[in-house]
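This report refers to the structure that appears directly beneath it.
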Amino acid sequence: QVQLVESGGGLVQPGGSLRLSCAAFGFTFTGYRMQWFRQAPGKGLEWVSEISGDGTRTQYKASVKGRFTISRDNAKNTLHLQMDSLQVDDTAVYYCSQGGSGGTIRGQGTQVTVSS
């Protein structure tokens, strides 16, 4: 059974940084690209970034490119999202998701709040 567990969210001031992690269980981690989605209050689920199974290829939503870095540790079945230069508009619940599921296979999420 697929299980994804996010952690690392919190409250940070504009310009600050956070590092999100996602522990994956119940499937062959290296066989899947992995994605981060987010959902801001009152808005729909939004794709943020993804990484290939071997970690060599990455993609980002235009508004986070250059500020966020996705990575994975296949030895530990863990996905990360390093978020720098955070902005108020980055406030959302962040979810990791198994690639190919369109965001439907995801964890419980971790709250990121950017506020002064």
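Please note that chains go A, B, ... in the order of the structure tokens, that every chain numbers its residues from 1, and that ligands are numbered from 1 in the order shown.
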
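Around Arg19 (chain A), within 6 Å and counting only C-alpha atoms, the residues found are Gly8, Leu81, Gln82 and Met83 of chain A, once anything fewer than 4 positions away on its own chain is removed.
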
Test item: residues at most 9 Å from Gln3 (chain A), only C-alpha atoms, excluding those fewer than 5 positions along its chain, as a PDB file with all heavy atoms, in the first residue's frame:
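File out.pdb, as written:
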ATOM      1  N   ALA A  23       8.654  11.039   3.019  1.00  0.00           N
ATOM      2  CA  ALA A  23       9.071   9.638   3.122  1.00  0.00           C
ATOM      3  C   ALA A  23       8.068   8.764   2.384  1.00  0.00           C
ATOM      4  O   ALA A  23       6.854   8.914   2.578  1.00  0.00           O
ATOM      5  CB  ALA A  23       9.161   9.233   4.582  1.00  0.00           C
ATOM      6  N   ALA A  24       8.575   7.879   1.548  1.00  0.00           N
ATOM      7  CA  ALA A  24       7.716   7.042   0.710  1.00  0.00           C
ATOM      8  C   ALA A  24       7.802   5.584   1.136  1.00  0.00           C
ATOM      9  O   ALA A  24       8.894   5.072   1.424  1.00  0.00           O
ATOM     10  CB  ALA A  24       8.127   7.178  -0.750  1.00  0.00           C
ATOM     11  N   PHE A  25       6.647   4.937   1.155  1.00  0.00           N
ATOM     12  CA  PHE A  25       6.562   3.538   1.563  1.00  0.00           C
ATOM     13  C   PHE A  25       5.606   2.796   0.630  1.00  0.00           C
ATOM     14  O   PHE A  25       4.668   3.378   0.091  1.00  0.00           O
ATOM     15  CB  PHE A  25       6.009   3.428   2.993  1.00  0.00           C
ATOM     16  CG  PHE A  25       6.747   4.221   4.016  1.00  0.00           C
ATOM     17  CD1 PHE A  25       6.348   5.513   4.332  1.00  0.00           C
ATOM     18  CD2 PHE A  25       7.842   3.689   4.674  1.00  0.00           C
ATOM     19  CE1 PHE A  25       7.025   6.263   5.279  1.00  0.00           C
ATOM     20  CE2 PHE A  25       8.533   4.423   5.615  1.00  0.00           C
ATOM     21  CZ  PHE A  25       8.124   5.715   5.918  1.00  0.00           C
ATOM     22  N   GLY A  26       5.872   1.499   0.451  1.00  0.00           N
ATOM     23  CA  GLY A  26       4.887   0.640  -0.196  1.00  0.00           C
ATOM     24  C   GLY A  26       4.962   0.534  -1.701  1.00  0.00           C
ATOM     25  O   GLY A  26       4.070  -0.065  -2.314  1.00  0.00           O
ATOM     26  N   PHE A  27       5.997   1.103  -2.309  1.00  0.00           N
ATOM     27  CA  PHE A  27       6.169   0.949  -3.752  1.00  0.00           C
ATOM     28  C   PHE A  27       7.648   1.110  -4.086  1.00  0.00           C
ATOM     29  O   PHE A  27       8.442   1.557  -3.262  1.00  0.00           O
ATOM     30  CB  PHE A  27       5.316   1.972  -4.525  1.00  0.00           C
ATOM     31  CG  PHE A  27       5.688   3.417  -4.311  1.00  0.00           C
ATOM     32  CD1 PHE A  27       6.429   4.114  -5.255  1.00  0.00           C
ATOM     33  CD2 PHE A  27       5.269   4.106  -3.174  1.00  0.00           C
ATOM     34  CE1 PHE A  27       6.755   5.453  -5.066  1.00  0.00           C
ATOM     35  CE2 PHE A  27       5.586   5.438  -2.973  1.00  0.00           C
ATOM     36  CZ  PHE A  27       6.336   6.116  -3.922  1.00  0.00           C
ATOM     37  N   ILE A 105      -2.563  10.396  -5.736  1.00  0.00           N
ATOM     38  CA  ILE A 105      -1.837   9.591  -4.755  1.00  0.00           C
ATOM     39  C   ILE A 105      -0.851  10.533  -4.073  1.00  0.00           C
ATOM     40  O   ILE A 105       0.193  10.883  -4.630  1.00  0.00           O
ATOM     41  CB  ILE A 105      -1.108   8.409  -5.401  1.00  0.00           C
ATOM     42  CG1 ILE A 105      -2.106   7.484  -6.095  1.00  0.00           C
ATOM     43  CG2 ILE A 105      -0.306   7.645  -4.351  1.00  0.00           C
ATOM     44  CD1 ILE A 105      -1.463   6.318  -6.829  1.00  0.00           C
ATOM     45  N   ARG A 106      -1.205  10.982  -2.891  1.00  0.00           N
ATOM     46  CA  ARG A 106      -0.395  11.969  -2.186  1.00  0.00           C
ATOM     47  C   ARG A 106      -0.524  11.758  -0.689  1.00  0.00           C
ATOM     48  O   ARG A 106      -1.383  11.014  -0.227  1.00  0.00           O
ATOM     49  CB  ARG A 106      -0.822  13.393  -2.562  1.00  0.00           C
ATOM     50  CG  ARG A 106      -2.264  13.755  -2.178  1.00  0.00           C
ATOM     51  CD  ARG A 106      -2.569  15.179  -2.630  1.00  0.00           C
ATOM     52  NE  ARG A 106      -3.859  15.660  -2.156  1.00  0.00           N
ATOM     53  CZ  ARG A 106      -4.958  15.662  -2.878  1.00  0.00           C
ATOM     54  NH1 ARG A 106      -4.945  15.168  -4.112  1.00  0.00           N
ATOM     55  NH2 ARG A 106      -6.087  16.135  -2.379  1.00  0.00           N
ATOM     56  N   GLY A 107       0.331  12.449   0.056  1.00  0.00           N
ATOM     57  CA  GLY A 107       0.291  12.340   1.495  1.00  0.00           C
ATOM     58  C   GLY A 107      -0.737  13.263   2.114  1.00  0.00           C
ATOM     59  O   GLY A 107      -1.592  13.825   1.414  1.00  0.00           O
TER      60      GLY A 107
END

Inset, instruction - Write out as an MDAnalysis selection string the residues lying within 12 Å of Ser7 (chain A), counting only C-alpha atoms and excluding same-chain residues fewer than 5 positions away. - result: chainID A and resid 18:24 78:81 93:96 107:112

Please save all heavy atoms of the selected residues as a compact mmCIF listing (two decimals), in the first residue's frame.
# COMPACT_ATOMS: atom_id res chain seq x y z
N LEU A 18 12.66 27.07 3.84
CA LEU A 18 12.20 25.85 4.47
C LEU A 18 12.62 24.67 3.60
O LEU A 18 12.75 24.81 2.38
CB LEU A 18 10.67 25.83 4.62
CG LEU A 18 10.03 26.65 5.73
CD1 LEU A 18 8.51 26.62 5.59
CD2 LEU A 18 10.44 26.15 7.10
N ARG A 19 12.79 23.52 4.23
CA ARG A 19 13.10 22.29 3.50
C ARG A 19 12.05 21.26 3.83
O ARG A 19 11.93 20.84 4.99
CB ARG A 19 14.49 21.78 3.86
CG ARG A 19 14.90 20.49 3.14
CD ARG A 19 16.34 20.13 3.51
NE ARG A 19 16.77 18.84 3.05
CZ ARG A 19 17.27 18.59 1.84
NH1 ARG A 19 17.37 19.57 0.97
NH2 ARG A 19 17.67 17.38 1.52
N LEU A 20 11.28 20.88 2.83
CA LEU A 20 10.25 19.86 3.01
C LEU A 20 10.82 18.49 2.69
O LEU A 20 11.69 18.35 1.83
CB LEU A 20 9.06 20.14 2.11
CG LEU A 20 8.42 21.52 2.20
CD1 LEU A 20 7.18 21.58 1.29
CD2 LEU A 20 8.07 21.87 3.62
N SER A 21 10.32 17.49 3.38
CA SER A 21 10.71 16.11 3.11
C SER A 21 9.46 15.26 2.95
O SER A 21 8.39 15.59 3.48
CB SER A 21 11.56 15.57 4.25
OG SER A 21 12.78 16.26 4.35
N CYS A 22 9.63 14.17 2.23
CA CYS A 22 8.53 13.22 2.02
C CYS A 22 9.11 11.82 2.07
O CYS A 22 9.97 11.47 1.25
CB CYS A 22 7.86 13.48 0.69
SG CYS A 22 6.67 12.21 0.18
N ALA A 23 8.65 11.04 3.02
CA ALA A 23 9.07 9.64 3.12
C ALA A 23 8.07 8.76 2.38
O ALA A 23 6.85 8.91 2.58
CB ALA A 23 9.16 9.23 4.58
N ALA A 24 8.58 7.88 1.55
CA ALA A 24 7.72 7.04 0.71
C ALA A 24 7.80 5.58 1.14
O ALA A 24 8.89 5.07 1.42
CB ALA A 24 8.13 7.18 -0.75
N THR A 78 13.28 8.92 -0.08
CA THR A 78 12.88 10.23 0.43
C THR A 78 12.95 11.28 -0.66
O THR A 78 13.90 11.30 -1.45
CB THR A 78 13.76 10.64 1.62
OG1 THR A 78 13.70 9.63 2.62
CG2 THR A 78 13.30 11.95 2.23
N LEU A 79 11.96 12.14 -0.68
CA LEU A 79 11.88 13.26 -1.60
C LEU A 79 12.02 14.56 -0.80
O LEU A 79 11.55 14.63 0.35
CB LEU A 79 10.53 13.23 -2.31
CG LEU A 79 10.19 14.34 -3.29
CD1 LEU A 79 11.02 14.20 -4.56
CD2 LEU A 79 8.70 14.32 -3.62
N HIS A 80 12.67 15.56 -1.38
CA HIS A 80 12.85 16.84 -0.69
C HIS A 80 12.43 18.00 -1.59
O HIS A 80 12.43 17.88 -2.82
CB HIS A 80 14.32 17.03 -0.30
CG HIS A 80 14.84 15.99 0.62
ND1 HIS A 80 14.51 15.94 1.96
CD2 HIS A 80 15.68 14.95 0.39
CE1 HIS A 80 15.12 14.90 2.50
NE2 HIS A 80 15.84 14.28 1.59
N LEU A 81 12.10 19.10 -0.96
CA LEU A 81 11.89 20.37 -1.66
C LEU A 81 12.52 21.47 -0.83
O LEU A 81 12.02 21.80 0.25
CB LEU A 81 10.41 20.64 -1.89
CG LEU A 81 10.11 21.86 -2.75
CD1 LEU A 81 10.55 21.62 -4.20
CD2 LEU A 81 8.61 22.21 -2.73
N VAL A 93 -0.76 24.37 1.62
CA VAL A 93 -0.44 23.02 2.07
C VAL A 93 0.31 22.34 0.92
O VAL A 93 -0.16 22.36 -0.22
CB VAL A 93 -1.70 22.22 2.43
CG1 VAL A 93 -1.31 20.80 2.86
CG2 VAL A 93 -2.47 22.92 3.55
N TYR A 94 1.47 21.79 1.23
CA TYR A 94 2.31 21.16 0.22
C TYR A 94 2.19 19.63 0.35
O TYR A 94 2.27 19.08 1.45
CB TYR A 94 3.76 21.59 0.40
CG TYR A 94 4.02 22.98 -0.11
CD1 TYR A 94 3.52 24.09 0.55
CD2 TYR A 94 4.73 23.19 -1.31
CE1 TYR A 94 3.72 25.38 0.06
CE2 TYR A 94 4.94 24.47 -1.80
CZ TYR A 94 4.44 25.56 -1.11
OH TYR A 94 4.64 26.82 -1.61
N TYR A 95 2.04 19.00 -0.82
CA TYR A 95 1.87 17.55 -0.88
C TYR A 95 2.92 16.93 -1.80
O TYR A 95 3.19 17.48 -2.87
CB TYR A 95 0.51 17.19 -1.47
CG TYR A 95 -0.69 17.73 -0.73
CD1 TYR A 95 -1.25 18.94 -1.07
CD2 TYR A 95 -1.29 16.98 0.28
CE1 TYR A 95 -2.38 19.42 -0.41
CE2 TYR A 95 -2.42 17.45 0.95
CZ TYR A 95 -2.94 18.68 0.60
OH TYR A 95 -4.06 19.14 1.26
N CYS A 96 3.46 15.80 -1.40
CA CYS A 96 4.24 15.03 -2.36
C CYS A 96 3.31 13.99 -2.99
O CYS A 96 2.34 13.55 -2.37
CB CYS A 96 5.45 14.36 -1.72
SG CYS A 96 5.11 13.06 -0.56
N GLY A 107 0.33 12.45 0.06
CA GLY A 107 0.29 12.34 1.49
C GLY A 107 -0.74 13.26 2.11
O GLY A 107 -1.59 13.82 1.41
N GLN A 108 -0.60 13.44 3.42
CA GLN A 108 -1.56 14.27 4.15
C GLN A 108 -1.24 15.75 4.05
O GLN A 108 -2.06 16.59 4.38
CB GLN A 108 -1.61 13.84 5.63
CG GLN A 108 -0.52 14.43 6.53
CD GLN A 108 0.87 13.89 6.23
OE1 GLN A 108 1.05 12.87 5.55
NE2 GLN A 108 1.89 14.57 6.76
N GLY A 109 -0.03 16.05 3.59
CA GLY A 109 0.37 17.43 3.38
C GLY A 109 1.06 18.04 4.58
O GLY A 109 0.94 17.56 5.71
N THR A 110 1.80 19.11 4.32
CA THR A 110 2.45 19.89 5.38
C THR A 110 2.21 21.36 5.09
O THR A 110 2.37 21.82 3.96
CB THR A 110 3.95 19.54 5.48
OG1 THR A 110 4.52 20.19 6.61
CG2 THR A 110 4.72 19.93 4.22
N GLN A 111 1.81 22.10 6.12
CA GLN A 111 1.44 23.51 5.96
C GLN A 111 2.68 24.39 5.91
O GLN A 111 3.54 24.31 6.79
CB GLN A 111 0.54 23.94 7.12
CG GLN A 111 0.17 25.42 7.10
CD GLN A 111 -0.80 25.77 5.99
OE1 GLN A 111 -1.81 25.11 5.80
NE2 GLN A 111 -0.49 26.84 5.24
N VAL A 112 2.72 25.25 4.92
CA VAL A 112 3.75 26.28 4.81
C VAL A 112 3.05 27.63 4.85
O VAL A 112 2.16 27.90 4.02
CB VAL A 112 4.55 26.13 3.50
CG1 VAL A 112 5.48 27.33 3.29
CG2 VAL A 112 5.36 24.83 3.52

Inset, instruction - Check chain A with DSSP on the backbone and list each residue it calls strand (DSSP E), as a ChimeraX atom specification. - result: /A:3-7,10-12,18-25,34-39,45-51,58-60,68-73,78-83,92-98,110-114

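Distances to Val88 (chain A) were evaluated for A:Gln35, A:Ser115, A:Ser52, A:Gln1 using only C-alpha atoms, and the minimum falls at A:Ser115.
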
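Using only C-alpha atoms, the shortest contact distance between Ser17 (chain A) and any of A:Ala92, A:Leu86, A:Ala40, A:Ile70 is found at A:Leu86.
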
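The two atoms in question, CA of Asp54 (chain A) and CA of Ser85 (chain A), are spaced 27.0 Å apart.
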
Excluding Gln59 (chain A) and any residue of its chain fewer than 5 positions from it, enumerate the residues within 7 Å of it, using only C-alpha atoms, and give them as a PDB file with all heavy atoms, in the first residue's frame.
ATOM      1  N   SER A  49       6.512  21.043  -8.836  1.00  0.00           N
ATOM      2  CA  SER A  49       7.796  20.563  -9.322  1.00  0.00           C
ATOM      3  C   SER A  49       7.749  19.043  -9.458  1.00  0.00           C
ATOM      4  O   SER A  49       6.896  18.384  -8.867  1.00  0.00           O
ATOM      5  CB  SER A  49       8.901  20.968  -8.339  1.00  0.00           C
ATOM      6  OG  SER A  49      10.179  20.534  -8.787  1.00  0.00           O
ATOM      7  N   GLU A  50       8.686  18.502 -10.253  1.00  0.00           N
ATOM      8  CA  GLU A  50       8.795  17.061 -10.349  1.00  0.00           C
ATOM      9  C   GLU A  50      10.232  16.666 -10.657  1.00  0.00           C
ATOM     10  O   GLU A  50      11.034  17.472 -11.123  1.00  0.00           O
ATOM     11  CB  GLU A  50       7.850  16.474 -11.392  1.00  0.00           C
ATOM     12  CG  GLU A  50       8.109  16.882 -12.813  1.00  0.00           C
ATOM     13  CD  GLU A  50       7.040  16.278 -13.727  1.00  0.00           C
ATOM     14  OE1 GLU A  50       5.842  16.525 -13.501  1.00  0.00           O
ATOM     15  OE2 GLU A  50       7.416  15.565 -14.669  1.00  0.00           O
ATOM     16  N   ILE A  51      10.524  15.398 -10.374  1.00  0.00           N
ATOM     17  CA  ILE A  51      11.868  14.877 -10.571  1.00  0.00           C
ATOM     18  C   ILE A  51      11.755  13.455 -11.107  1.00  0.00           C
ATOM     19  O   ILE A  51      10.877  12.688 -10.697  1.00  0.00           O
ATOM     20  CB  ILE A  51      12.667  14.937  -9.252  1.00  0.00           C
ATOM     21  CG1 ILE A  51      14.127  14.554  -9.458  1.00  0.00           C
ATOM     22  CG2 ILE A  51      12.013  14.087  -8.158  1.00  0.00           C
ATOM     23  CD1 ILE A  51      15.008  14.895  -8.254  1.00  0.00           C
TER      24      ILE A  51
END

Legend entry - Close residues, Ser63 (chain A) itself excluded, 12 Å, only C-alpha atoms, min 2 positions apart in chain, as JSON, numbers by chain: {"A": [46, 47, 48, 49, 59, 60, 61, 65, 66, 67, 68, 85, 86, 87, 89, 90]}

Inset, instruction - Provide the CA of Gly15 (chain A) to CA of Gly44 (chain A) distance in Å, to one decimal place. - result: 24.6 Å

Inset, instruction - Check the smallest atom-to-atom distance from each of A:Leu11, A:Gly103, A:Gly16, A:Ser116 to Gln39 (chain A) using only C-alpha atoms, then report the winner. - result: A:Gly103

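Closest approach to Val64 (chain A) among A:Lys43, A:Gln13, A:Asn77, A:Phe37: A:Phe37, based on only C-alpha atoms.
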
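For the pair CA of Leu45 (chain A) and CA of Thr113 (chain A), the interatomic distance is 16.3 Å.
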
Legend entry - DSSP helix (DSSP H, G or I) selection over chain A, as an NGL selection string: :A and (29-31 or 88-90)

Hey, can you spit out that residue selection with N, CA and C atoms as a PDB file, in the first residue's frame?
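Wrote out31.pdb, looks like this:
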ATOM      1  N   PHE A  29      10.312   2.981  -5.152  1.00  0.00           N
ATOM      2  CA  PHE A  29      10.487   4.432  -5.237  1.00  0.00           C
ATOM      3  C   PHE A  29      11.211   4.847  -6.519  1.00  0.00           C
ATOM      4  N   THR A  30      12.257   4.120  -6.883  1.00  0.00           N
ATOM      5  CA  THR A  30      13.054   4.507  -8.039  1.00  0.00           C
ATOM      6  C   THR A  30      12.299   4.337  -9.353  1.00  0.00           C
ATOM      7  N   GLY A  31      11.212   3.618  -9.322  1.00  0.00           N
ATOM      8  CA  GLY A  31      10.444   3.383 -10.526  1.00  0.00           C
ATOM      9  C   GLY A  31       9.489   4.503 -10.882  1.00  0.00           C
ATOM     10  N   VAL A  88       4.899  35.482   0.195  1.00  0.00           N
ATOM     11  CA  VAL A  88       3.572  35.303   0.792  1.00  0.00           C
ATOM     12  C   VAL A  88       2.705  34.386  -0.075  1.00  0.00           C
ATOM     13  N   ASP A  89       2.827  34.516  -1.382  1.00  0.00           N
ATOM     14  CA  ASP A  89       2.025  33.707  -2.311  1.00  0.00           C
ATOM     15  C   ASP A  89       2.404  32.232  -2.297  1.00  0.00           C
ATOM     16  N   ASP A  90       3.493  31.869  -1.620  1.00  0.00           N
ATOM     17  CA  ASP A  90       3.868  30.457  -1.496  1.00  0.00           C
ATOM     18  C   ASP A  90       3.106  29.770  -0.364  1.00  0.00           C
TER      19      ASP A  90
END
